[in-house]
Structure formats: C-alpha cells, structure tokens
Amino acid sequence: MNRPTKSEELFKQYCVDQSYQLEKIQEGVEQTPDFMVTTRHGQLIAEIKEVCPNEEEVAIAKKGGGTHWHSIGKRVRAKIESAMSQTKKYRSDSLPCILALFDNIIVDGVRPFYPNYYFNPGEIAFGMYGELKVVVSLDKSSGQIIRSQNMLGGNRKLRPDQGNEISAVYILNDCFEHYPPSLLTYHNAFAKIPLSRAVFAGPYDRHFKNLGDEVSFDTSWVEF
C-alpha cells in the first residue's frame, strides 16, 4: 500500500476537525477513489489529487524565476479526468462524488509560483467547463452588436451528459499560518447529485457556483 500523500493527511485532519468519519477505500486491481466520508448530512465519495512540481517548475525554482507558459485549466482537466475513472466503480444514485485538489508545488522549500497558481478560480472554471466561447450577433446594416452570449467551448470535462457524477471540485488549503486546513468548494452546475451547502462548511470554508447552462454560460463564480 502506498504511503499517504500530504494532501491525504491534510484531508484527514480536516475531517477530524469537522467530526466527519473517514474510511480509506482499499486499493485493488481496479481503480478506486480514496475515501468514503460520513458527514452529518450523509455519505460521499472523495478522491484526493495532489499536484507536485514537474521538471520545468523545478528548474524555475532553482533559478529563482523564469519564463513560464501553460494552457489555462489543463492540470485541473487532467485531474478531473483521472477522478472520473477512479470513482466509476462507486457511482450510485445516492452518493455524491467529489474531487479535492491540493497544490504541493514546492522545490527545496521554495514555491516557483504563488499558492494555488493552477487552482485559481479561472483555472477551475476552464478546467471544469472548457474554454469559454463568446458568440456575438451583429446588425448587418449598422454593424452594431445586437447581443452576445457566453457558451461552453472545447476541452469540456463536465456537462449534462458527461462528468455529471462529479458533484463538486474542492481546493484543499493549508496556505495560512496558524489556521487549520480549509476547503474552497466549486459546485458542478451539471451535477447529477448536487452537494449540500451544509457539507464542508467549516468556519474558514467557502462555496461557489456559476450561473447558466449549455446555451448561455458564465464561467465566473458567485459565492453563496
């Protein structure tokens, strides 16, 4: 059995702080998620994903800076895709599945980028719902814009007919000294089983949602 990652240990500590019961799901031949979590508001399946430094980030940290380019939402998309495979066996009509992400990009005690660089709200939105596409309608005679609407673009992982088993994506935080681990919840607009706002609602936790559907979608987040 693999040793627990830092993200798993932090998630365990968070659940202890919230008086949630945590059961490690035994690994087998088939892919499995990490935990069964029992809360005061029911059970859920949790998959924990940790992002560690790649070769480019190691080089940047050792040089003390440098030029960096990346595709917005790419790492979030990859983790969602992996989580969808690992939770497949445990999907049901009653248990929500969540994905918790943790930024552990540290090289010799140095962060090449600020905390949650890959997990800021824009990265989460593009990772969950794909690149935003703006459709503009023009009046041919005047050349004036009649209306514009946001639509979901390419590289989508979550939609009404795909990925709807993922109820929410979480960011696991330990960035603040003298504060316990906390969670930022980004609810999936297309979740088959929406997650209760009362779950993962500690004193330092926050919940976000976006408004819209396949026809008109806004990737900005609204706290609730």
# chains A, B, ... in the order shown; residues from 1 in each chain; ligands from 1
$ residues_around --residues "Ala189 of chain A" --least-positions-apart "6" --cutoff "9 Å" --atoms "only C-alpha atoms" --output "list in words"
Leu158, Arg159, Pro160, Asn164, Ser167, Ala168, Lys209, Asn210, Leu211, Gly212 and Asp213 of chain A
$ atom_distance --atom1 "atom CA of Asp161 of chain A" --atom2 "atom CA of Glu81 of chain A"
14.5 Å
$ closest_residue --among "A:Lys62, A:Lys12, A:Lys49, A:Lys140" --to "Ala100 of chain A" --atoms "only C-alpha atoms"
A:Lys49
$ atom_distance --atom1 "atom CA of Gly163 of chain A" --atom2 "atom CA of Tyr204 of chain A"
27.9 Å
$ select_by_dssp --residues "segment 4-224 of chain A" --states "strand (DSSP E or B)" --output "ChimeraX atom specification"
/A:21-24,35-39,42-51,97-103,107,110,132-138,145-152,159,162,166-173,182-187,206-209,212,217,222-223
$ atom_distance --atom1 "atom CA of Pro203 of chain A" --atom2 "atom CA of Ile105 of chain A"
26.0 Å
